[in-house]
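> Pasting a structure here, questions to come.
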Amino acid sequence: MESQLKVLWRYFKRNRLAVGGLVVIVIMFVIAGSASFIAPYDPGKTEVSMKLKPPSLQHYLGTDQLGRDVFSRMLFGSRVSLSVGFVAVAISICIGILVGAIAGYYGRWIDSVLMRFVDIMLCFPSFFLILTVVALLGPSLFKVMVVIGITSWMGTARFVRAEFLSLRERDFTQAAKALGVKDSRIIFRHILPNALAPVFVTATLDVATAILVEAGLSFLGFGVQPPAPSWGNILTEGRTYIFDAWWLTVFPGLAILITVLSFNLLGEGLRDALDPRLRGRR
Amino acid sequence: MPERNFSLRTRTLLLIFPVTFLILLLATLIFEGYQPHPRVNELIISSIGDASFLNPILAQDSASSDINSFVFNGLIKYNRNLDGFVGDLVESWKVEDGSEPVITFHLRKGVHWHDGKRFTADDVKFTYDKIMDPKTNTVRRSDFELVKKAEVLDSYTFRVTYKQPFSPGLATWGMGIIPKHLLENVDINTAPFNRRPIGTGPFRFVDWVSDEKIVVEANPRYHEGRPGLNGIVYRIIPEAALNEMEILTRGADYSGIFPYEYRRMTQVPFLKVYSQPSLGYTYIGYNFKNPLFEDRRVRQALTYAINRKEIVQYVLYGLGEVATGPFPNQMWYWNPNVKPIPYDPQKARQLLAEAGWKDKNSDGVLVKDGKPFKFTLITNSGNDTRRDVGVLVQRQLRDIGIDVSLELYEWSVFLNDFINLRHFDACILGWSLSVDPDAYEIWHSSQIEKGFNFISYRNSAVDRLWEEGRREYDMEKRKQIYWKIHELIAEDQPYTFLFVPLAISALQNKFALREKDVTGEEGFHEIKMEKAGLLYDLIKWYVPPNKAVVER
Amino acid sequence: MRSFIIRRLFYTLITLIGISIISWVIITQAPGSPIALTLDPKVSPKIIEQMMKNYDLDKPIYQQYFLWLKRLFTGKLYSFKDGRPVMQKIGERIWNTLLLNLVAMLIIFSLALPLGVFSARKQYTLLDHLGTFGAYLGISIPSFWLAYVLILGVVKLFGYPVLGMRSFATEGFDTMQIVMDRLWHLMLPSIILAIGGIAALSRYTRSSMLEVIRQDYVRTAKAKGLPEEAVYYKHALRNALLPIVTLLGFLVPGLIGGAIIMETVFAWPGIGRLAYQAVLARDYPVVMTINTITATLVLIGNFIADILYGIVDPRIRYG
């Protein structure tokens, strides 16, 4: 019998788009990690006499309004985008799993109360909430991550709860209970591993959303603060010079697009591969 | 896998919506091409923000002030050189010196409100009373705090008595006058009047579509004569790039423009670009509560280390001047003999060394008593210029061994949590000043606790001079006082005075000044930039018929 | 059914109150103040204090909350920013936002459903792959970036005005031109607003269709000899509508949130923009009211979705 992972990989491989996404993401990570080595210039080095120069052999992606090399800034900016995505989602998954597991396992009034709480959170137009909090509490990379995290756990919670509700009635759970195993152990050692599959899918898709949200916040001026580079704020700073310096708009936008696209493709690919019903007749 | 396609019926049902939508899209695209925009003899001004109160005593933002200047008048106004006053709603006035100076205003007769009622001294008294009423949410009250009493002597005479000599007082009577008969029995803070004003000014209010436009039309009964223009439309265009597009497609006639747009605008044949030093300056303020900035040599060194010329050249595209002191350049109270501190990093290092800051271990960082020279520079977000200045200053200071971290905060947070609480090391800010030189609130030591002297600057000689300046009515003597203040403050460098930016605007060249010369002949003259602003002669603006543009 | 409705209404009310309290706490506890938004040296601190009193800002926050609530219902709620009645400010803009969202929804449904259905029918063909890729592209594009690029493209190419709800100086035009002009201004922002939704919904439609196709009852219907058309159109599509209805519930808050960026970029006079400006100006009455109204709309939307759910699927019964 093939291991579960190998089976998963076999189905996943068939989806060429998803594989493409995975490849791009890996490349992004490599770039982000080695940014200090690859970058031809110090991303913060201002050289005002070289301001707003178009892409050339010296500056692959041109320079910004203070003469800083856009290519180097983009390389370092990838760190911001990726880390925001991952940390925010990590936070949201932790909260989501906790809430969903407790609601799904214990059921009844605990479930009602928790789900009511989820409903309340869902009612807030999340972008507006994030914007409010970040605008008022002061922007910083960390705050942005935390706020995105605590406003996007609801989807995960619902999924996990659904899984728990069904898995709770299964034989192995009943057996464990009969044996007197502690609740928390049952939740974490027995049920959770089986419930995790959809969580991976949501997580990947949420990373994509988180990156978009960060870019949106930067666009409105509340993302990562200068002089630290992020794709979102290169885009924002370049907005003013949109007629003079198209490269400040096109490149960061494309970078965001490609990264987000890759995460979405990966997530969808995972979902298709994990879903036994869609494995089809081919 | 099912092979056959959908039947025609299902296909039609499914496709009917997208196809309709695409047809609509194409149709609107085509229709949009055929729209002429006929406009004759009207001025279209574009603005980034919407107005809030069309009431001169309540308004604080520039959009409201702009409209209020079309719709209302004050008692007096500045002359075109900003060095004296002319009567607006008054024919003449008299200032009597003394320990309790008195100003007697003789109001113009025959001035009417836009609704036809007569303007009288009662309206002036009413305006004053409303401003002083604590229930009115106005910020203008401080201007009139030194007024002992204000009286109506008769319908056209108004007398103000001050508690003590206060020379900036005269200028405060440029405040727009509001009508008593319309506002006396309502809560002024929420009155619908603020949305549909009635004034005495050259233009009457017509309409205000929120976030879109404010329209005013010529007042044919204006006391200086009917304005040449038929009306003004004040359009709200919040995005700079799109504002530029509107100007280029003649959707806006007059607009303030940014330095980076200057070059492009000057190359457009139908636009004239005007610029002049603005009434304010941008600066870095050092918090005297921080021991780092106690020593004058350190502050001077910081100014030596910052290449202000480069900042003006690259951030402002050369459209500004280096500032030397607390007064905007070119004003009568600005001291031209105070020369700007040049960019000299060597000198900076030397001064810092004198103050005890040395690079002990050659790692590029200055230290004194084991502590490195490190501070945080804050400014508000949303201001590209200040952000770029911050980044440049950060690097320039790093070059001489000072570690500066830059932080941007949203404006309200910036004000309330940092500036007002005096919780900062250094900040980048700008002052937008009034024409009168008195800046007591910014510099006097009594203003350290709760006023605008948030850097906690103390200099008793300077304090005395500010107090004298407010009491002196003679302009020549005042000039000497302020020149001296300029010298002393420049020596102290409590701020690094960065620059005075040029205020730049673009105007369609179809506008001209229509004036009758001595023989009564009508002539058209070019609109010139006055110290008091391009719109100083607004009522004379006119679009000569041959220049009217009747296409997009 | 009736007890279900009553229970739901009760929960909705509680949720609403919860939301308003949470909003209030966030907004008032956050740093910044509605007063003294300009750094004008001529404004003395005494005046600031006086104005704080005038705005009731010196009272404890729970008292201010009840004042807000009371004024909301007695119609005496005024904005800090310009002294106008809050409901008036909202009233003149909310229809603009709703219009934008409605048109966006229409576009989403009219384009996504056919796309999803055709994609499912022609699974694994070129059309499907193109559609899939396009859909992914759609949900990955940063909307403000696309908006900017499109606006600039249109303006540079055609020279058409794009900002706002209508072109400037169109008062004298005849009705047809006015209608066309308004429609044009609606197009760009609602299309961009719709892109994400089209992508998501078409994918969802496609997978629901695929899932249903494989269900037993479809096979049974085919085995019974019913023509293909009947099979697909009647059974598959109708059953695939179930999850789509649920999706509706989530689409609405998403659209309202996304509208902030679109409204800002296109200078569309809607409540998204009003809310954003109000947050910056710490205009508490306006922010609170908008939040509450938005939450109410969303809750109503969910409620209707749930009822529709019950109608569409006979298996689900409440009570």
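Convention: chains lettered A, B, ... in structure tokens order; per-chain residue numbering from 1; ligands numbered from 1 as shown.
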Extract, using only C-alpha atoms, all DNA, RNA and protein residues at most 9 Å from A:Pro252, discarding same-chain residues fewer than 2 positions from it, and format them as a list of chain:residue names.
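Residues meeting the cut-off are A:Met74, A:Ser230, A:Trp231, A:Gly232, A:Asn233, A:Ile234, A:Leu235, A:Trp247, A:Leu248, A:Thr249, A:Val250, A:Leu254, A:Ala255, A:Ile256, A:Leu257.
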> Would you give me, as a tab-separated table (two decimals) with C-alpha atoms, in the first residue's frame, the residues of chain B that come within 10 Å of chain A, using only C-alpha atoms?

chain	number	residue	atom	x	y	z
B	1	MET	CA	-18.22	11.93	-20.56
B	239	GLU	CA	-6.39	61.58	-6.55
B	240	ALA	CA	-3.41	63.61	-7.73
B	241	ALA	CA	-2.83	61.62	-10.89
B	244	GLU	CA	-3.67	66.04	-13.53
B	258	PHE	CA	2.84	69.25	-6.90
B	260	TYR	CA	6.82	66.69	-9.70
B	261	GLU	CA	4.01	67.88	-11.99
B	264	ARG	CA	4.94	68.59	-17.34
B	310	GLU	CA	19.90	68.68	-2.03
B	311	ILE	CA	16.54	68.09	-0.39
B	313	GLN	CA	16.58	70.13	-5.40
B	314	TYR	CA	15.51	66.51	-5.44
B	315	VAL	CA	12.46	66.27	-3.26
B	381	SER	CA	1.97	59.40	7.27
B	382	GLY	CA	0.23	60.49	4.13
B	383	ASN	CA	2.72	63.22	3.31
B	384	ASP	CA	5.08	62.09	0.58
B	387	ARG	CA	8.45	60.87	4.19
B	388	ASP	CA	11.11	61.40	1.56
B	389	VAL	CA	12.76	64.11	3.63
B	390	GLY	CA	12.84	61.71	6.56
B	391	VAL	CA	14.54	59.02	4.53
B	392	LEU	CA	17.14	61.43	3.19
B	394	GLN	CA	18.19	59.52	8.04
B	395	ARG	CA	20.91	58.62	5.56
B	396	GLN	CA	22.71	61.93	5.79
B	405	SER	CA	15.15	55.50	13.00
B	406	LEU	CA	12.18	56.87	11.10
B	407	GLU	CA	8.59	56.26	12.11
B	408	LEU	CA	5.40	57.45	10.49
B	409	TYR	CA	2.07	57.70	12.26
B	410	GLU	CA	-1.41	58.51	11.20
B	411	TRP	CA	-2.06	62.20	11.72
B	412	SER	CA	-4.49	62.11	14.59
B	413	VAL	CA	-2.41	59.56	16.46
B	414	PHE	CA	0.70	61.56	15.71
> Could you tell me which residues of chain B sit within 8 Å of chain C when counting only C-alpha atoms, and give me the result as an NGL selection string?
:B and (2 or 6-7 or 10 or 14-15 or 17-18 or 21 or 25 or 27-29 or 31-33 or 37-38 or 52-53 or 60 or 134-135 or 137-143 or 189-192 or 210-212 or 237-239 or 242 or 245-246 or 249 or 251 or 411-417 or 431-432 or 439 or 441-442 or 450-452)
> For the residues in the current selection, export C-alpha atoms as a CSV table (one decimal), in the first residue's frame.

chain,number,residue,atom,x,y,z
B,2,PRO,CA,-21.3,13.4,-22.2
B,6,PHE,CA,-26.5,22.1,-24.8
B,7,SER,CA,-29.6,22.8,-26.8
B,10,THR,CA,-30.4,26.5,-22.6
B,14,LEU,CA,-27.3,31.1,-20.0
B,15,LEU,CA,-25.7,33.5,-22.4
B,17,PHE,CA,-26.9,38.0,-19.5
B,18,PRO,CA,-23.2,38.2,-20.4
B,21,PHE,CA,-23.7,43.1,-20.4
B,25,LEU,CA,-20.4,48.1,-22.0
B,27,ALA,CA,-22.6,51.1,-26.0
B,28,THR,CA,-21.5,53.3,-23.1
B,29,LEU,CA,-18.0,53.4,-24.4
B,31,PHE,CA,-21.6,57.2,-26.3
B,32,GLU,CA,-19.0,58.7,-24.0
B,33,GLY,CA,-17.1,59.8,-27.0
B,37,HIS,CA,-18.6,70.2,-22.4
B,38,PRO,CA,-19.7,73.7,-23.2
B,52,SER,CA,-16.9,70.8,6.0
B,53,PHE,CA,-18.5,74.0,7.1
B,60,GLN,CA,-10.9,74.8,9.8
B,134,PRO,CA,-18.4,78.8,24.5
B,135,LYS,CA,-21.1,76.6,23.0
B,137,ASN,CA,-17.3,75.0,18.3
B,138,THR,CA,-15.0,77.5,16.9
B,139,VAL,CA,-11.2,77.7,17.1
B,140,ARG,CA,-11.2,81.4,16.3
B,141,ARG,CA,-11.9,82.4,19.9
B,142,SER,CA,-8.3,82.8,20.9
B,143,ASP,CA,-7.9,85.5,18.3
B,189,ASN,CA,-22.9,74.1,15.1
B,190,THR,CA,-25.6,72.1,13.3
B,191,ALA,CA,-27.4,74.8,11.4
B,192,PRO,CA,-28.4,73.9,7.8
B,210,SER,CA,-21.2,66.0,-1.3
B,211,ASP,CA,-17.8,64.8,-2.3
B,212,GLU,CA,-18.4,66.0,-5.8
B,237,ILE,CA,-10.8,65.3,-7.1
B,238,PRO,CA,-9.1,63.3,-4.5
B,239,GLU,CA,-6.4,61.6,-6.5
B,242,LEU,CA,-6.5,61.9,-11.9
B,245,MET,CA,-5.7,64.2,-16.2
B,246,GLU,CA,-8.6,66.5,-15.5
B,249,THR,CA,-8.5,67.5,-20.5
B,251,GLY,CA,-12.1,69.4,-16.8
B,411,TRP,CA,-2.1,62.2,11.7
B,412,SER,CA,-4.5,62.1,14.6
B,413,VAL,CA,-2.4,59.6,16.5
B,414,PHE,CA,0.7,61.6,15.7
B,415,LEU,CA,-0.8,64.7,17.2
B,416,ASN,CA,-2.5,63.2,20.2
B,417,ASP,CA,0.0,60.5,21.3
B,431,TRP,CA,3.9,75.4,10.0
B,432,SER,CA,1.3,77.1,7.9
B,439,ALA,CA,4.2,83.4,16.5
B,441,GLU,CA,2.2,80.4,20.7
B,442,ILE,CA,5.0,78.5,19.0
B,450,LYS,CA,0.0,73.1,26.9
B,451,GLY,CA,0.6,75.3,23.9
B,452,PHE,CA,2.4,74.8,20.6
> Counting only C-alpha atoms, collect the residues of chain C whose closest atom lies at most 9 Å from chain A, and write them out as a ChimeraX atom specification.
/C:11,15-16,18-19,23,26-27,30-32,133,136-146,148-149,152,207,210-211,214,250,252-258,260-261,272,275-276,279-280,291,294-296,298-299
> Output C-alpha atoms of each residue in that selection to a file, as a PDB file, in the first residue's frame.

ATOM      1  CA  TYR C  11     -30.083  36.033  17.674  1.00  0.00           C
ATOM      2  CA  THR C  15     -25.418  39.940  17.347  1.00  0.00           C
ATOM      3  CA  LEU C  16     -26.167  43.481  16.299  1.00  0.00           C
ATOM      4  CA  GLY C  18     -22.628  42.875  20.248  1.00  0.00           C
ATOM      5  CA  ILE C  19     -21.213  44.374  17.090  1.00  0.00           C
ATOM      6  CA  SER C  23     -17.151  48.809  17.443  1.00  0.00           C
ATOM      7  CA  ILE C  26     -12.445  49.868  19.444  1.00  0.00           C
ATOM      8  CA  ILE C  27     -13.134  53.313  18.141  1.00  0.00           C
ATOM      9  CA  ALA C  30      -8.091  53.890  20.005  1.00  0.00           C
ATOM     10  CA  PRO C  31      -5.670  56.777  20.117  1.00  0.00           C
ATOM     11  CA  GLY C  32      -6.469  60.024  18.408  1.00  0.00           C
ATOM     12  CA  PHE C 133      -6.717  30.013 -15.208  1.00  0.00           C
ATOM     13  CA  TYR C 136      -7.448  32.139 -10.578  1.00  0.00           C
ATOM     14  CA  LEU C 137      -6.065  35.256 -12.148  1.00  0.00           C
ATOM     15  CA  GLY C 138      -9.218  37.030 -11.144  1.00  0.00           C
ATOM     16  CA  ILE C 139      -8.947  36.235  -7.483  1.00  0.00           C
ATOM     17  CA  SER C 140      -5.240  36.978  -7.400  1.00  0.00           C
ATOM     18  CA  ILE C 141      -5.169  40.440  -8.873  1.00  0.00           C
ATOM     19  CA  PRO C 142      -4.792  43.287  -6.412  1.00  0.00           C
ATOM     20  CA  SER C 143      -7.926  45.245  -7.221  1.00  0.00           C
ATOM     21  CA  PHE C 144      -6.521  48.719  -6.650  1.00  0.00           C
ATOM     22  CA  TRP C 145      -3.610  47.975  -8.933  1.00  0.00           C
ATOM     23  CA  LEU C 146      -5.913  46.806 -11.667  1.00  0.00           C
ATOM     24  CA  TYR C 148      -5.206  52.203 -11.452  1.00  0.00           C
ATOM     25  CA  VAL C 149      -3.850  50.532 -14.535  1.00  0.00           C
ATOM     26  CA  LEU C 152      -4.866  55.230 -16.733  1.00  0.00           C
ATOM     27  CA  SER C 207     -17.283  22.232  -8.757  1.00  0.00           C
ATOM     28  CA  LEU C 210     -19.298  18.469 -11.224  1.00  0.00           C
ATOM     29  CA  GLU C 211     -20.214  17.063  -7.854  1.00  0.00           C
ATOM     30  CA  ARG C 214     -21.751  12.374 -10.364  1.00  0.00           C
ATOM     31  CA  PHE C 250     -20.498  35.967   2.328  1.00  0.00           C
ATOM     32  CA  VAL C 252     -22.234  40.907   0.553  1.00  0.00           C
ATOM     33  CA  PRO C 253     -19.812  41.884   3.357  1.00  0.00           C
ATOM     34  CA  GLY C 254     -16.929  41.183   1.008  1.00  0.00           C
ATOM     35  CA  LEU C 255     -18.307  43.558  -1.556  1.00  0.00           C
ATOM     36  CA  ILE C 256     -18.981  46.283   0.972  1.00  0.00           C
ATOM     37  CA  GLY C 257     -15.449  45.958   2.270  1.00  0.00           C
ATOM     38  CA  GLY C 258     -13.936  45.914  -1.179  1.00  0.00           C
ATOM     39  CA  ILE C 260     -13.760  51.117   0.198  1.00  0.00           C
ATOM     40  CA  ILE C 261     -10.792  50.783  -2.102  1.00  0.00           C
ATOM     41  CA  GLY C 272     -17.187  53.108   2.026  1.00  0.00           C
ATOM     42  CA  ALA C 275     -16.513  55.504   6.527  1.00  0.00           C
ATOM     43  CA  TYR C 276     -12.838  55.657   5.696  1.00  0.00           C
ATOM     44  CA  VAL C 279     -12.268  56.861  10.710  1.00  0.00           C
ATOM     45  CA  LEU C 280      -9.416  59.194   9.907  1.00  0.00           C
ATOM     46  CA  ASN C 291     -20.780  50.013  11.077  1.00  0.00           C
ATOM     47  CA  THR C 294     -23.551  47.624   7.416  1.00  0.00           C
ATOM     48  CA  ALA C 295     -23.766  44.862   9.983  1.00  0.00           C
ATOM     49  CA  THR C 296     -27.562  45.034   9.847  1.00  0.00           C
ATOM     50  CA  VAL C 298     -25.206  41.780   6.275  1.00  0.00           C
ATOM     51  CA  LEU C 299     -27.268  40.052   8.921  1.00  0.00           C
TER      52      LEU C 299
END
> Measure the distance from atom CA of B:Leu43 to atom CA of B:Lys510 in Å and round it to one decimal.
10.1 Å
> What is the distance between atom CA of A:Ile91 and atom CA of A:Val199, in Å to one decimal?
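Atom-to-atom, atom CA of A:Ile91 to atom CA of A:Val199, that is 13.0 Å.
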> Any idea what the distance is between atom CA of A:Arg189 and atom CA of A:Lys177?
12.8 Å
> Determine which residues of stretch 456-503 of chain B receive a DSSP assignment of alpha helix (DSSP H), computed from the backbone, and state them as a PyMOL selection string.
chain B and resi 460-471+475-492
> Those selected residues, please, written with C-alpha atoms and delivered as a CSV table (one decimal), in the first residue's frame.

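The resulting out_25.csv:
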chain,number,residue,atom,x,y,z
B,460,SER,CA,14.1,84.7,27.9
B,461,ALA,CA,15.6,87.2,25.5
B,462,VAL,CA,13.5,85.8,22.7
B,463,ASP,CA,10.5,85.6,25.0
B,464,ARG,CA,10.7,89.4,25.8
B,465,LEU,CA,11.0,90.2,22.1
B,466,TRP,CA,7.8,88.2,21.2
B,467,GLU,CA,6.0,90.1,23.9
B,468,GLU,CA,7.2,93.4,22.6
B,469,GLY,CA,6.3,92.5,19.1
B,470,ARG,CA,2.7,92.0,20.0
B,471,ARG,CA,2.4,95.3,21.7
B,475,MET,CA,5.5,98.5,11.5
B,476,GLU,CA,9.1,99.7,11.3
B,477,LYS,CA,9.7,99.1,15.0
B,478,ARG,CA,8.1,95.7,14.7
B,479,LYS,CA,10.4,94.8,11.9
B,480,GLN,CA,13.4,95.5,14.0
B,481,ILE,CA,12.0,93.3,16.8
B,482,TYR,CA,11.3,90.4,14.5
B,483,TRP,CA,14.6,90.7,12.7
B,484,LYS,CA,16.3,90.3,16.1
B,485,ILE,CA,14.2,87.3,17.0
B,486,HIS,CA,15.2,85.7,13.7
B,487,GLU,CA,18.9,86.2,14.5
B,488,LEU,CA,18.6,84.8,18.0
B,489,ILE,CA,16.6,81.8,17.0
B,490,ALA,CA,18.9,81.0,14.1
B,491,GLU,CA,21.8,80.9,16.5
B,492,ASP,CA,20.0,78.6,18.8
